[in-house]
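Asks: Dropping in my_file-v4.json, which is JSON, C-alpha atoms and all ligand atoms:
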[["chain", "number", "residue", "atom", "x", "y", "z"],
["A", 444, "MET", "CA", -22.65, -15.12, 12.55],
["A", 445, "GLU", "CA", -19.40, -14.03, 11.03],
["A", 446, "GLU", "CA", -18.76, -10.28, 11.08],
["A", 447, "ILE", "CA", -18.12, -8.40, 7.84],
["A", 448, "ARG", "CA", -14.49, -7.45, 7.55],
["A", 449, "TYR", "CA", -13.43, -4.44, 5.50],
["A", 450, "ALA", "CA", -10.06, -3.70, 3.98],
["A", 451, "LEU", "CA", -9.00, -0.43, 2.33],
["A", 452, "VAL", "CA", -6.35, -0.56, -0.38],
["A", 453, "THR", "CA", -5.01, 2.80, -1.55],
["A", 454, "GLY", "CA", -4.14, 3.02, -5.23],
["A", 455, "GLY", "CA", -6.09, -0.21, -5.65],
["A", 456, "SER", "CA", -7.10, 0.11, -9.28],
["A", 457, "ARG", "CA", -4.04, -1.48, -10.86],
["A", 458, "GLY", "CA", -0.70, -3.17, -10.28],
["A", 459, "ILE", "CA", 0.17, -4.34, -6.79],
["A", 460, "GLY", "CA", -2.85, -2.59, -5.25],
["A", 461, "LYS", "CA", -5.29, -4.41, -7.53],
["A", 462, "ALA", "CA", -3.60, -7.76, -6.85],
["A", 463, "VAL", "CA", -3.84, -7.09, -3.10],
["A", 464, "ALA", "CA", -7.53, -6.17, -3.41],
["A", 465, "VAL", "CA", -8.28, -9.43, -5.23],
["A", 466, "ARG", "CA", -6.20, -11.50, -2.79],
["A", 467, "LEU", "CA", -7.91, -9.99, 0.27],
["A", 468, "ALA", "CA", -11.27, -10.62, -1.41],
["A", 469, "LYS", "CA", -10.32, -14.31, -1.63],
["A", 470, "ASP", "CA", -9.78, -14.20, 2.15],
["A", 471, "GLY", "CA", -13.32, -12.91, 2.57],
["A", 472, "TYR", "CA", -12.67, -9.21, 2.99],
["A", 473, "LYS", "CA", -14.95, -6.61, 1.50],
["A", 474, "VAL", "CA", -12.49, -4.37, -0.24],
["A", 475, "LEU", "CA", -12.63, -0.59, -0.53],
["A", 476, "ILE", "CA", -10.65, 0.25, -3.62],
["A", 477, "ASN", "CA", -9.20, 3.74, -3.46],
["A", 478, "TYR", "CA", -8.33, 5.51, -6.68],
["A", 479, "VAL", "CA", -7.73, 9.09, -7.84],
["A", 480, "SER", "CA", -8.61, 9.48, -11.49],
["A", 481, "ASN", "CA", -8.99, 6.30, -13.53],
["A", 482, "GLU", "CA", -12.53, 5.26, -12.73],
["A", 483, "ASP", "CA", -12.67, 2.62, -15.49],
["A", 484, "ALA", "CA", -9.62, 0.83, -14.09],
["A", 485, "ALA", "CA", -11.08, 1.07, -10.58],
["A", 486, "LYS", "CA", -14.35, -0.47, -11.81],
["A", 487, "THR", "CA", -12.42, -3.30, -13.46],
["A", 488, "ALA", "CA", -10.59, -3.92, -10.18],
["A", 489, "LEU", "CA", -13.93, -4.04, -8.36],
["A", 490, "GLU", "CA", -15.20, -6.57, -10.89],
["A", 491, "ALA", "CA", -12.11, -8.70, -10.19],
["A", 492, "VAL", "CA", -12.84, -8.47, -6.45],
["A", 493, "ARG", "CA", -16.38, -9.73, -7.13],
["A", 494, "GLU", "CA", -15.08, -12.54, -9.33],
["A", 495, "ALA", "CA", -12.84, -13.52, -6.42],
["A", 496, "GLY", "CA", -16.01, -14.21, -4.43],
["A", 497, "SER", "CA", -16.39, -11.12, -2.29],
["A", 498, "ASP", "CA", -17.61, -7.59, -2.79],
["A", 499, "GLY", "CA", -16.33, -4.06, -2.37],
["A", 500, "GLU", "CA", -16.76, -0.41, -3.12],
["A", 501, "LEU", "CA", -14.85, 2.33, -4.86],
["A", 502, "ILE", "CA", -13.63, 5.18, -2.70],
["A", 503, "ARG", "CA", -12.20, 8.11, -4.57],
["A", 504, "PHE", "CA", -9.67, 10.46, -3.01],
["A", 505, "ASP", "CA", -6.14, 11.72, -3.46],
["A", 506, "VAL", "CA", -4.10, 10.28, -0.58],
["A", 507, "ALA", "CA", -1.85, 13.35, -0.67],
["A", 508, "ASP", "CA", -4.81, 15.57, 0.22],
["A", 509, "PRO", "CA", -5.48, 15.44, 3.97],
["A", 510, "ALA", "CA", -8.94, 17.02, 3.85],
["A", 511, "ALA", "CA", -10.15, 14.91, 0.92],
["A", 512, "SER", "CA", -8.85, 11.69, 2.53],
["A", 513, "ALA", "CA", -10.47, 12.40, 5.90],
["A", 514, "GLU", "CA", -13.72, 13.46, 4.25],
["A", 515, "ALA", "CA", -14.00, 10.35, 2.06],
["A", 516, "ILE", "CA", -13.25, 8.01, 4.95],
["A", 517, "GLN", "CA", -15.71, 9.88, 7.19],
["A", 518, "ALA", "CA", -18.39, 9.72, 4.50],
["A", 519, "TRP", "CA", -17.91, 5.94, 4.22],
["A", 520, "GLN", "CA", -18.06, 5.60, 7.99],
["A", 521, "SER", "CA", -21.31, 7.57, 8.17],
["A", 522, "LYS", "CA", -22.86, 5.22, 5.62],
["A", 523, "HIS", "CA", -21.65, 2.17, 7.57],
["A", 524, "PRO", "CA", -22.32, 2.90, 11.24],
["A", 525, "GLY", "CA", -20.76, 0.32, 13.52],
["A", 526, "GLU", "CA", -18.55, -1.14, 10.78],
["A", 527, "VAL", "CA", -14.80, -0.98, 11.01],
["A", 528, "ILE", "CA", -12.12, -0.95, 8.34],
["A", 529, "SER", "CA", -9.75, -3.34, 10.03],
["A", 530, "VAL", "CA", -7.11, -3.76, 7.32],
["A", 531, "LEU", "CA", -5.39, -0.81, 5.67],
["A", 532, "VAL", "CA", -2.90, -1.29, 2.86],
["A", 533, "ASN", "CA", -1.03, 1.92, 2.12],
["A", 534, "ASN", "CA", -0.05, 1.10, -1.44],
["A", 535, "ALA", "CA", -0.52, 4.34, -3.42],
["A", 536, "GLY", "CA", 2.79, 5.62, -4.67],
["A", 537, "ILE", "CA", 4.60, 7.17, -7.60],
["A", 538, "ARG", "CA", 8.14, 7.36, -8.92],
["A", 539, "ASN", "CA", 9.55, 10.58, -10.26],
["A", 540, "ASP", "CA", 13.19, 9.70, -10.77],
["A", 541, "ASN", "CA", 15.99, 12.13, -11.39],
["A", 542, "LEU", "CA", 19.47, 12.82, -10.15],
["A", 543, "MET", "CA", 19.37, 15.12, -7.15],
["A", 544, "MET", "CA", 21.32, 17.73, -9.13],
["A", 545, "ARG", "CA", 18.45, 17.92, -11.60],
["A", 546, "MET", "CA", 15.53, 17.24, -9.30],
["A", 547, "ASN", "CA", 13.13, 20.11, -9.00],
["A", 548, "TYR", "CA", 11.17, 20.82, -5.85],
["A", 549, "GLU", "CA", 7.87, 19.63, -7.33],
["A", 550, "ASP", "CA", 9.31, 16.18, -8.11],
["A", 551, "TRP", "CA", 10.69, 15.94, -4.60],
["A", 552, "LYS", "CA", 7.50, 17.12, -2.94],
["A", 553, "LYS", "CA", 5.00, 15.11, -4.95],
["A", 554, "VAL", "CA", 6.68, 11.81, -4.19],
["A", 555, "ILE", "CA", 6.97, 12.64, -0.48],
["A", 556, "ASP", "CA", 3.37, 13.88, -0.31],
["A", 557, "ILE", "CA", 1.85, 10.78, -1.87],
["A", 558, "THR", "CA", 3.90, 8.23, 0.05],
["A", 559, "LEU", "CA", 4.53, 9.83, 3.41],
["A", 560, "ASP", "CA", 1.64, 12.25, 3.83],
["A", 561, "GLY", "CA", -0.51, 9.59, 2.17],
["A", 562, "PHE", "CA", 0.37, 7.24, 5.02],
["A", 563, "TYR", "CA", -0.68, 9.86, 7.59],
["A", 564, "ASN", "CA", -3.79, 10.95, 5.72],
["A", 565, "THR", "CA", -5.30, 7.47, 5.52],
["A", 566, "THR", "CA", -3.92, 5.86, 8.66],
["A", 567, "LYS", "CA", -4.90, 8.59, 11.10],
["A", 568, "PRO", "CA", -8.65, 8.56, 10.36],
["A", 569, "LEU", "CA", -8.79, 4.75, 10.61],
["A", 570, "LEU", "CA", -6.83, 4.28, 13.82],
["A", 571, "LYS", "CA", -9.63, 5.09, 16.23],
["A", 572, "GLY", "CA", -11.90, 2.40, 14.79],
["A", 573, "MET", "CA", -9.16, -0.23, 14.90],
["A", 574, "ILE", "CA", -8.26, 0.70, 18.46],
["A", 575, "SER", "CA", -11.83, 0.46, 19.73],
["A", 576, "ASN", "CA", -12.26, -2.79, 17.82],
["A", 577, "ARG", "CA", -9.03, -4.07, 19.38],
["A", 578, "TRP", "CA", -7.91, -5.59, 16.09],
["A", 579, "GLY", "CA", -6.23, -4.19, 13.05],
["A", 580, "ARG", "CA", -3.62, -4.60, 10.38],
["A", 581, "ILE", "CA", -1.72, -1.78, 8.70],
["A", 582, "ILE", "CA", 0.54, -2.79, 5.84],
["A", 583, "ASN", "CA", 2.70, -0.20, 4.14],
["A", 584, "ILE", "CA", 4.13, -0.85, 0.71],
["A", 585, "ALA", "CA", 7.66, 0.49, 0.94],
["A", 586, "SER", "CA", 10.51, -0.48, -1.38],
["A", 587, "LEU", "CA", 14.03, -1.80, -1.53],
["A", 588, "SER", "CA", 14.92, 1.84, -2.28],
["A", 589, "GLY", "CA", 13.70, 2.77, 1.19],
["A", 590, "ILE", "CA", 16.11, 0.30, 2.76],
["A", 591, "ARG", "CA", 19.27, 0.76, 0.76],
["A", 592, "GLY", "CA", 18.65, 4.00, -1.11],
["A", 593, "MET", "CA", 18.86, 4.07, -4.89],
["A", 594, "ALA", "CA", 20.78, 6.55, -7.04],
["A", 595, "GLY", "CA", 18.39, 8.61, -9.13],
["A", 596, "GLN", "CA", 15.68, 8.16, -6.52],
["A", 597, "THR", "CA", 16.60, 10.46, -3.65],
["A", 598, "ASN", "CA", 12.97, 11.55, -3.36],
["A", 599, "TYR", "CA", 11.51, 8.03, -3.57],
["A", 600, "SER", "CA", 14.15, 6.57, -1.24],
["A", 601, "ALA", "CA", 13.48, 9.31, 1.32],
["A", 602, "ALA", "CA", 9.73, 8.76, 1.13],
["A", 603, "LYS", "CA", 9.97, 4.97, 1.43],
["A", 604, "GLY", "CA", 12.65, 5.18, 4.14],
["A", 605, "GLY", "CA", 10.40, 7.53, 6.08],
["A", 606, "LEU", "CA", 7.50, 5.15, 5.61],
["A", 607, "ILE", "CA", 9.59, 2.31, 7.04],
["A", 608, "SER", "CA", 10.48, 4.36, 10.13],
["A", 609, "ALA", "CA", 6.86, 5.43, 10.59],
["A", 610, "THR", "CA", 5.92, 1.73, 10.42],
["A", 611, "LYS", "CA", 8.32, 0.88, 13.23],
["A", 612, "ALA", "CA", 7.21, 3.79, 15.44],
["A", 613, "LEU", "CA", 3.47, 3.27, 15.04],
["A", 614, "ALA", "CA", 3.86, -0.48, 15.58],
["A", 615, "GLN", "CA", 5.19, 0.19, 19.06],
["A", 616, "GLU", "CA", 2.40, 2.63, 19.87],
["A", 617, "ILE", "CA", -0.45, 0.25, 19.14],
["A", 618, "ALA", "CA", 0.89, -3.29, 19.57],
["A", 619, "LYS", "CA", -1.01, -3.71, 22.85],
["A", 620, "ARG", "CA", -4.25, -2.96, 21.01],
["A", 621, "ASN", "CA", -3.77, -6.03, 18.85],
["A", 622, "ILE", "CA", -2.95, -3.94, 15.81],
["A", 623, "THR", "CA", 0.11, -4.81, 13.79],
["A", 624, "VAL", "CA", 1.94, -2.40, 11.50],
["A", 625, "ASN", "CA", 4.36, -3.80, 8.97],
["A", 626, "ALA", "CA", 6.09, -2.75, 5.79],
["A", 627, "VAL", "CA", 6.62, -4.78, 2.66],
["A", 628, "ALA", "CA", 9.66, -3.84, 0.61],
["A", 629, "PRO", "CA", 9.43, -5.08, -2.97],
["A", 630, "GLY", "CA", 12.38, -5.13, -5.34],
["A", 631, "PHE", "CA", 11.48, -5.04, -9.04],
["A", 632, "ILE", "CA", 7.86, -6.03, -9.66],
["A", 633, "ARG", "CA", 6.30, -6.18, -13.12],
["A", 634, "THR", "CA", 3.69, -3.37, -13.14],
["A", 635, "ASP", "CA", 3.03, -0.08, -14.95],
["A", 636, "MET", "CA", 5.53, 1.55, -12.59],
["A", 637, "THR", "CA", 8.44, -0.51, -13.93],
["A", 638, "GLU", "CA", 7.27, -0.69, -17.54],
["A", 639, "ASP", "CA", 9.82, 1.89, -18.70],
["A", 640, "LEU", "CA", 12.79, 0.14, -17.06],
["A", 641, "PRO", "CA", 15.27, -1.98, -19.04],
["A", 642, "GLN", "CA", 14.03, -5.36, -17.77],
["A", 643, "ASP", "CA", 16.58, -7.45, -19.67],
["A", 644, "GLU", "CA", 19.46, -5.51, -18.14],
["A", 645, "LEU", "CA", 18.05, -5.41, -14.64],
["A", 646, "ARG", "CA", 17.13, -9.10, -14.62],
["A", 647, "LYS", "CA", 20.84, -9.94, -14.66],
["A", 648, "MET", "CA", 21.28, -8.27, -11.26],
["A", 649, "ILE", "CA", 18.46, -10.23, -9.64],
["A", 650, "PRO", "CA", 19.50, -13.62, -8.21],
["A", 651, "SER", "CA", 16.10, -15.11, -9.15],
["A", 652, "GLY", "CA", 16.68, -13.86, -12.70],
["A", 653, "ARG", "CA", 13.28, -12.23, -13.09],
["A", 654, "PHE", "CA", 11.00, -9.43, -11.97],
["A", 655, "GLY", "CA", 8.42, -10.35, -9.35],
["A", 656, "GLU", "CA", 4.68, -10.46, -10.00],
["A", 657, "ALA", "CA", 2.11, -8.27, -8.26],
["A", 658, "GLU", "CA", 0.33, -11.42, -7.08],
["A", 659, "GLU", "CA", 3.46, -12.55, -5.24],
["A", 660, "VAL", "CA", 3.49, -9.29, -3.28],
["A", 661, "ALA", "CA", -0.24, -9.68, -2.66],
["A", 662, "ASP", "CA", 0.30, -13.12, -1.08],
["A", 663, "LEU", "CA", 2.75, -11.60, 1.40],
["A", 664, "VAL", "CA", 0.37, -8.76, 2.21],
["A", 665, "ALA", "CA", -2.46, -11.27, 2.76],
["A", 666, "PHE", "CA", -0.28, -13.24, 5.15],
["A", 667, "LEU", "CA", 0.55, -10.10, 7.15],
["A", 668, "ALA", "CA", -3.17, -9.28, 7.22],
["A", 669, "SER", "CA", -4.06, -12.73, 8.51],
["A", 670, "GLU", "CA", -4.50, -13.97, 12.06],
["A", 671, "ASN", "CA", -1.38, -16.12, 11.54],
["A", 672, "ALA", "CA", 0.80, -13.00, 11.51],
["A", 673, "SER", "CA", -0.41, -11.70, 14.90],
["A", 674, "TYR", "CA", 3.05, -11.66, 16.46],
["A", 675, "ILE", "CA", 4.80, -9.90, 13.59],
["A", 676, "THR", "CA", 4.85, -6.15, 13.98],
["A", 677, "GLY", "CA", 7.20, -3.27, 13.19],
["A", 678, "GLU", "CA", 8.89, -5.43, 10.56],
["A", 679, "VAL", "CA", 10.04, -4.71, 7.04],
["A", 680, "ILE", "CA", 9.72, -7.79, 4.88],
["A", 681, "SER", "CA", 11.62, -7.79, 1.62],
["A", 682, "ILE", "CA", 10.27, -9.47, -1.48],
["A", 683, "ASN", "CA", 12.91, -9.04, -4.13],
["A", 684, "GLY", "CA", 14.13, -12.34, -5.58],
["A", 685, "GLY", "CA", 17.33, -12.16, -3.56],
["A", 686, "LEU", "CA", 18.31, -8.67, -4.64],
["A", 687, "TYR", "CA", 19.84, -6.79, -1.78],
["A", 688, "THR", "CA", 22.64, -4.38, -0.99],
["B", 1, "LIG", "P1", 1.35, 1.46, -10.26],
["B", 1, "LIG", "O1", 1.85, 2.74, -10.80],
["B", 1, "LIG", "O2", 0.76, 0.46, -11.17],
["B", 1, "LIG", "O3", 0.31, 1.72, -9.08],
["B", 1, "LIG", "C1", 0.36, 2.82, -8.23],
["B", 1, "LIG", "C2", -1.05, 3.12, -7.80],
["B", 1, "LIG", "O4", -1.06, 4.24, -6.89],
["B", 1, "LIG", "C3", -1.93, 3.52, -8.99],
["B", 1, "LIG", "O5", -3.17, 2.87, -8.88],
["B", 1, "LIG", "C4", -2.07, 5.01, -8.83],
["B", 1, "LIG", "O6", -3.26, 5.53, -9.38],
["B", 1, "LIG", "C5", -2.07, 5.13, -7.32],
["B", 1, "LIG", "N1", -1.81, 6.48, -6.87],
["B", 1, "LIG", "C6", -0.81, 7.31, -7.26],
["B", 1, "LIG", "N2", -0.95, 8.50, -6.68],
["B", 1, "LIG", "C7", -2.06, 8.43, -5.91],
["B", 1, "LIG", "C8", -2.73, 9.35, -5.05],
["B", 1, "LIG", "N3", -2.27, 10.58, -4.89],
["B", 1, "LIG", "N4", -3.85, 8.93, -4.39],
["B", 1, "LIG", "C9", -4.32, 7.67, -4.56],
["B", 1, "LIG", "N5", -3.73, 6.78, -5.37],
["B", 1, "LIG", "C10", -2.63, 7.15, -6.02],
["B", 1, "LIG", "O7", 2.61, 0.83, -9.51],
["B", 1, "LIG", "P2", 2.78, -0.43, -8.56],
["B", 1, "LIG", "O8", 4.04, -1.05, -8.96],
["B", 1, "LIG", "O9", 1.56, -1.25, -8.48],
["B", 1, "LIG", "O10", 3.04, 0.33, -7.18],
["B", 1, "LIG", "C11", 2.33, 0.06, -5.98],
["B", 1, "LIG", "C12", 3.21, 0.40, -4.79],
["B", 1, "LIG", "O11", 4.33, -0.48, -4.77],
["B", 1, "LIG", "C13", 3.79, 1.82, -4.85],
["B", 1, "LIG", "O12", 3.77, 2.38, -3.55],
["B", 1, "LIG", "C14", 5.21, 1.58, -5.30],
["B", 1, "LIG", "O13", 6.06, 2.62, -4.86],
["B", 1, "LIG", "C15", 5.51, 0.26, -4.63],
["B", 1, "LIG", "N6", 6.63, -0.46, -5.22],
["B", 1, "LIG", "C16", 6.59, -0.92, -6.52],
["B", 1, "LIG", "C17", 7.66, -1.60, -7.03],
["B", 1, "LIG", "C18", 7.67, -2.13, -8.41],
["B", 1, "LIG", "O14", 8.74, -2.64, -8.83],
["B", 1, "LIG", "N7", 6.60, -2.09, -9.17],
["B", 1, "LIG", "C19", 8.88, -1.81, -6.23],
["B", 1, "LIG", "C20", 8.82, -1.32, -4.89],
["B", 1, "LIG", "C21", 7.72, -0.66, -4.42]]
Could the structure of this file be written out as structure tokens, please?
Replies:
Amino acid sequence: MEEIRYALVTGGSRGIGKAVAVRLAKDGYKVLINYVSNEDAAKTALEAVREAGSDGELIRFDVADPAASAEAIQAWQSKHPGEVISVLVNNAGIRNDNLMMRMNYEDWKKVIDITLDGFYNTTKPLLKGMISNRWGRIINIASLSGIRGMAGQTNYSAAKGGLISATKALAQEIAKRNITVNAVAPGFIRTDMTEDLPQDELRKMIPSGRFGEAEEVADLVAFLASENASYITGEVISINGGLYT
């Protein structure tokens, strides 16, 4: 009998997170869709997971809140004794762009808290289960900004750069346990997050001549989550249409 495999996708109600949830559902995962406030969007994402042939649940918490994250994950675990969330996709993130000169502390802190503390708050409570199960996949959605830094995004670049380093460190700690930890670094992807950007202008800088699609990122995440990617860990894989420093 095949065991039930669970994946948790943070910020899974729209954009890249939703596409990842649907893609992992196609691979047979039951998907826990994390969201903070938009329950309708989360329900729509869950419907899409079901249409993809699997099932899932909604799990509401703010990834920046350590107590709320631990509590929600613990509550799920209590309802599912013996089950393990073996794939974690740390996808929740926000942009709050401004030049450093004009950036206020709240804009700095919020971006760091959601991306970097968010990584800690969801990864830490799930590690034990993965370790005792001797199998796991942690995939962190970073950004090109976290590799090369981007003017106007000191906060976001710091958060994503930190996430990349955390990926590399944790990968070394748990590689022997058959758990891989990788980061995916998208360039410009067409989602709500990039809706306000001047696409026509930016397209000219991208060798592929277009923004990427959330589904393209989801395919990469699904590969990293698969058995085929067992020997890839501590890596940062760019998906950016050729756009680089
Ligand atoms: P999006 O804005 O559509 O999705 C972000 C998701 O994170 C939303 O579902 C949002 O509700 C959720 N979220 C925000 N704060 C949260 C919190 N405190 N707790 C739980 N969930 C929270 O944007 P998109 O593009 O789908 O972004 C997904 C990830 O990809 C983000 O980490 C983003 O930084 C990253 N990324 C996106 C790129 C793009 O061009 N769209 C490029 C590089 C990275």
Asks: Using CA of Ala661 in chain A and CA of Ile555 in chain A as the two end points, give the distance in Å to one decimal.
Replies: 23.6 Å
Asks: How would you write, as a ChimeraX atom specification, the set of residues no farther than 7 Å from ligand LIG 1 (chain B) when counting only C-alpha atoms and all ligand atoms?
Replies: /A:453-460,477-480,504-507,534-538,557-558,584-587,628-637
Asks: What does the file look like for those residues with C-alpha atoms, as a PDB file, keeping the file's coordinate frame?
Replies:
ATOM      1  CA  THR A 453      -5.010   2.800  -1.550  1.00  0.00           C
ATOM      2  CA  GLY A 454      -4.140   3.020  -5.230  1.00  0.00           C
ATOM      3  CA  GLY A 455      -6.090  -0.210  -5.650  1.00  0.00           C
ATOM      4  CA  SER A 456      -7.100   0.110  -9.280  1.00  0.00           C
ATOM      5  CA  ARG A 457      -4.040  -1.480 -10.860  1.00  0.00           C
ATOM      6  CA  GLY A 458      -0.700  -3.170 -10.280  1.00  0.00           C
ATOM      7  CA  ILE A 459       0.170  -4.340  -6.790  1.00  0.00           C
ATOM      8  CA  GLY A 460      -2.850  -2.590  -5.250  1.00  0.00           C
ATOM      9  CA  ASN A 477      -9.200   3.740  -3.460  1.00  0.00           C
ATOM     10  CA  TYR A 478      -8.330   5.510  -6.680  1.00  0.00           C
ATOM     11  CA  VAL A 479      -7.730   9.090  -7.840  1.00  0.00           C
ATOM     12  CA  SER A 480      -8.610   9.480 -11.490  1.00  0.00           C
ATOM     13  CA  PHE A 504      -9.670  10.460  -3.010  1.00  0.00           C
ATOM     14  CA  ASP A 505      -6.140  11.720  -3.460  1.00  0.00           C
ATOM     15  CA  VAL A 506      -4.100  10.280  -0.580  1.00  0.00           C
ATOM     16  CA  ALA A 507      -1.850  13.350  -0.670  1.00  0.00           C
ATOM     17  CA  ASN A 534      -0.050   1.100  -1.440  1.00  0.00           C
ATOM     18  CA  ALA A 535      -0.520   4.340  -3.420  1.00  0.00           C
ATOM     19  CA  GLY A 536       2.790   5.620  -4.670  1.00  0.00           C
ATOM     20  CA  ILE A 537       4.600   7.170  -7.600  1.00  0.00           C
ATOM     21  CA  ARG A 538       8.140   7.360  -8.920  1.00  0.00           C
ATOM     22  CA  ILE A 557       1.850  10.780  -1.870  1.00  0.00           C
ATOM     23  CA  THR A 558       3.900   8.230   0.050  1.00  0.00           C
ATOM     24  CA  ILE A 584       4.130  -0.850   0.710  1.00  0.00           C
ATOM     25  CA  ALA A 585       7.660   0.490   0.940  1.00  0.00           C
ATOM     26  CA  SER A 586      10.510  -0.480  -1.380  1.00  0.00           C
ATOM     27  CA  LEU A 587      14.030  -1.800  -1.530  1.00  0.00           C
ATOM     28  CA  ALA A 628       9.660  -3.840   0.610  1.00  0.00           C
ATOM     29  CA  PRO A 629       9.430  -5.080  -2.970  1.00  0.00           C
ATOM     30  CA  GLY A 630      12.380  -5.130  -5.340  1.00  0.00           C
ATOM     31  CA  PHE A 631      11.480  -5.040  -9.040  1.00  0.00           C
ATOM     32  CA  ILE A 632       7.860  -6.030  -9.660  1.00  0.00           C
ATOM     33  CA  ARG A 633       6.300  -6.180 -13.120  1.00  0.00           C
ATOM     34  CA  THR A 634       3.690  -3.370 -13.140  1.00  0.00           C
ATOM     35  CA  ASP A 635       3.030  -0.080 -14.950  1.00  0.00           C
ATOM     36  CA  MET A 636       5.530   1.550 -12.590  1.00  0.00           C
ATOM     37  CA  THR A 637       8.440  -0.510 -13.930  1.00  0.00           C
TER      38      THR A 637
END
Asks: Identify the residues around (14.6, -0.6, 9.6) within a radius of 10 Å, measuring from all atoms listed in the file in the coordinates stated by the file, and give them as JSON, numbers by chain.
Replies: {"A": [589, 590, 604, 605, 606, 607, 608, 609, 610, 611, 626, 677, 678, 679, 680]}
Asks: Would you export the selected residues with C-alpha atoms as an mmCIF file, in the frame of the given file, please?
Replies:
data_model
loop_
_atom_site.group_PDB
_atom_site.id
_atom_site.type_symbol
_atom_site.label_atom_id
_atom_site.label_comp_id
_atom_site.auth_asym_id
_atom_site.auth_seq_id
_atom_site.Cartn_x
_atom_site.Cartn_y
_atom_site.Cartn_z
ATOM 1 C CA GLY A 589 13.700 2.770 1.190
ATOM 2 C CA ILE A 590 16.110 0.300 2.760
ATOM 3 C CA GLY A 604 12.650 5.180 4.140
ATOM 4 C CA GLY A 605 10.400 7.530 6.080
ATOM 5 C CA LEU A 606 7.500 5.150 5.610
ATOM 6 C CA ILE A 607 9.590 2.310 7.040
ATOM 7 C CA SER A 608 10.480 4.360 10.130
ATOM 8 C CA ALA A 609 6.860 5.430 10.590
ATOM 9 C CA THR A 610 5.920 1.730 10.420
ATOM 10 C CA LYS A 611 8.320 0.880 13.230
ATOM 11 C CA ALA A 626 6.090 -2.750 5.790
ATOM 12 C CA GLY A 677 7.200 -3.270 13.190
ATOM 13 C CA GLU A 678 8.890 -5.430 10.560
ATOM 14 C CA VAL A 679 10.040 -4.710 7.040
ATOM 15 C CA ILE A 680 9.720 -7.790 4.880
#
Asks: Neighbours of Gly496 in chain A within 9 Å (only C-alpha atoms; same-chain residues fewer than 2 positions away dropped), as an MDAnalysis selection string?
Replies: chainID A and resid 468:469 471 491:494 498
Asks: Quick one: residues within 9 Å of Asp662 in chain A, all atoms listed in the file counted, chain neighbours fewer than 2 positions away excluded, as a ChimeraX atom specification?
Replies: /A:462-463,466-467,657-660,664-667
Asks: I need the residues from that last selection saved to file as a compact mmCIF listing (two decimals), in the coordinates of the input (with C-alpha atoms), if you can.
Replies:
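So the final result, stored in selection-v4.txt, reads:
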# COMPACT_ATOMS: atom_id res chain seq x y z
CA ALA A 462 -3.60 -7.76 -6.85
CA VAL A 463 -3.84 -7.09 -3.10
CA ARG A 466 -6.20 -11.50 -2.79
CA LEU A 467 -7.91 -9.99 0.27
CA ALA A 657 2.11 -8.27 -8.26
CA GLU A 658 0.33 -11.42 -7.08
CA GLU A 659 3.46 -12.55 -5.24
CA VAL A 660 3.49 -9.29 -3.28
CA VAL A 664 0.37 -8.76 2.21
CA ALA A 665 -2.46 -11.27 2.76
CA PHE A 666 -0.28 -13.24 5.15
CA LEU A 667 0.55 -10.10 7.15
Asks: Which residues are near Ser600 in chain A? Cut-off 7 Å, all atoms listed in the file, ignore same chain within fewer than 5 positions. Put them as a PyMOL selection string.
Replies: chain A and resi 588-589+592-593
Asks: Can you work out the spacing between CA of Asp540 in chain A and CA of Asn598 in chain A in Å, to one decimal?
Replies: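 Between CA of Asp540 in chain A and CA of Asn598 in chain A the gap works out to 7.6 Å.
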Asks: Quick one, how far is CA of Val465 in chain A from CA of Thr623 in chain A?
Replies: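 Between these atoms lies a distance of 21.3 Å.
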Asks: Using all atoms listed in the file, give me every residue within 12 Å of (-20.1, -5.8, 13.0) in file coordinates, as a list in words.
Replies: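 Nearby residues: Met444, Glu445, Glu446, Ile447, Arg448, Tyr449, His523, Pro524, Gly525, Glu526, Val527, Ile528, Ser529, Gly572 and Asn576 of chain A.
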Asks: With only C-alpha atoms as the atoms that count, which of A:Ile476, A:Ala518, A:Met546, A:Gly579 lies nearest to Ala618 in chain A?
Replies: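 Using only C-alpha atoms, the shortest distance to Ala618 in chain A belongs to A:Gly579.
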Asks: For Leu475 in chain A, which residue out of A:Leu613, A:Asp508, A:Ile516, A:Phe654 is the nearest one, using all atoms listed in the file?
Replies: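 Answer, going by the shortest atom-to-atom distance: A:Ile516.
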Asks: Rank A:Asn583, A:Thr597, A:Thr487, A:Gln517 by their smallest atom-to-atom distance to Leu542 in chain A, using all atoms listed in the file, and report the top residue only.
Replies: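 Result for the nearest residue to Leu542 in chain A: A:Thr597.
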Asks: Which one is closest to Lys461 in chain A: A:Ile675, A:Ile574, A:Ala485, A:Ile502? Count all atoms listed in the file.
Replies: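 Closest to Lys461 in chain A, using all atoms listed in the file: A:Ala485.
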Asks: Once 6 Å is added on each side, what are the centre and the three edge lengths, in Å to one decimal, of the axis-aligned box enclosing the listed atoms of range 493-511 of chain A? Present them as AutoDock Vina command-line options.
Replies:
--center_x -9.7 --center_y 1.4 --center_z -2.7 --size_x 27.8 --size_y 43.2 --size_z 25.3
Asks: Would you please work out which residue, of A:Ser669, A:Thr676, A:Arg577, A:Tyr563, is nearest to Gln615 in chain A when using all atoms listed in the file?
Replies: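 Looking only at the distances to Gln615 in chain A, the closest residue turns out to be A:Thr676.
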Asks: Between A:Phe562, A:Trp551, A:Trp578, A:Tyr687, which one has atoms that come closest to Gln596 in chain A, using only C-alpha atoms?
Replies: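 Counting only C-alpha atoms, the residue closest to Gln596 in chain A is A:Trp551.
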